[in-house]
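Engineer: My questions all concern the structure below.
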Amino acid sequence: MACLYVMITGYSPRNLPDQDPFLAVLQNDAVPVPDRTSAIPQPLATVYRSRFN
């Protein structure tokens with residue numbers, strides 16, 4: 001999932017502030033694709049959201 005997210009958005013699925021990346025994955029939800037970039041076509045973002053959230 002994370003690889004596809006990065007391929008689509010160019011960003012990591014989660015915001016990783018100054019915290020352990022493992023804790024960030026456990027404690028934070030992924031940022032929705034449309035919130036990362038508006039360049040993603042809505043149908044692609046919808047398919048991604050329906051399959052991976």
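In the structure tokens, chains take the letters A, B, ... in the order shown, each chain's residues start at 1, and ligands count up from 1 in the order shown.
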Contacts of Leu44 (chain A) at 10 Å or less, counting only C-alpha atoms, minus same-chain residues fewer than 3 places along, as a CSV table (one decimal) with N, CA and C atoms, in the first residue's frame?
Structural biologist:
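Ended up saving to selection-v4.csv:
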chain,number,residue,atom,x,y,z
A,8,ILE,N,1.7,7.4,-6.4
A,8,ILE,CA,0.5,8.3,-6.8
A,8,ILE,C,0.8,9.7,-6.3
A,33,VAL,N,-5.4,10.6,0.1
A,33,VAL,CA,-4.7,11.0,-1.2
A,33,VAL,C,-5.1,12.4,-1.6
A,34,PRO,N,-6.3,12.7,-1.7
A,34,PRO,CA,-6.7,14.1,-2.2
A,34,PRO,C,-6.1,15.2,-1.3
A,40,ILE,N,-4.2,14.5,-8.5
A,40,ILE,CA,-4.7,13.1,-8.6
A,40,ILE,C,-6.1,13.1,-9.1
A,41,PRO,N,-6.4,12.4,-10.2
A,41,PRO,CA,-7.8,12.4,-10.7
A,41,PRO,C,-8.7,11.8,-9.6
A,47,VAL,N,-10.8,5.0,-6.0
A,47,VAL,CA,-10.4,3.6,-6.0
A,47,VAL,C,-9.4,3.3,-5.0
A,48,TYR,N,-8.4,4.1,-4.8
A,48,TYR,CA,-7.4,3.9,-3.8
A,48,TYR,C,-8.0,3.8,-2.4
A,49,ARG,N,-8.8,4.8,-2.1
A,49,ARG,CA,-9.5,4.9,-0.8
A,49,ARG,C,-10.3,3.7,-0.5
A,50,SER,N,-11.1,3.2,-1.6
A,50,SER,CA,-12.0,2.1,-1.3
A,50,SER,C,-11.2,0.8,-1.1
Engineer: Just asking: which residues within chain A are alpha helix (DSSP H) according to DSSP, as JSON, numbers by chain?
Structural biologist: {"A": [2, 3, 4, 5, 6, 7, 8, 9, 21, 22, 23, 24, 25, 26, 27, 33, 34, 35, 36, 42, 43, 44, 45, 46, 47, 48, 49, 50, 51, 52]}
Engineer: Which distance in Å separates CA of Gln27 (chain A) and CA of Gly10 (chain A), to one decimal?
Structural biologist: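 That distance, rounded to one decimal, is 21.9 Å.
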Engineer: What's the 12 Å shell around Cys3 (chain A), counting only C-alpha atoms, without same-chain residues fewer than 4 positions away, as a list in words?
Structural biologist: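 These residues fall inside the cut-off: Met7, Ile8, Thr9, Gly10, Tyr11, Ser12, Pro13 and Phe52 of chain A.
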Engineer: Kindly give the distance, in Å, that separates CA of Asn15 (chain A) and CA of Arg51 (chain A), rounded to a single decimal.
Structural biologist: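 Calculated distance between CA of Asn15 (chain A) and CA of Arg51 (chain A) is 20.7 Å.
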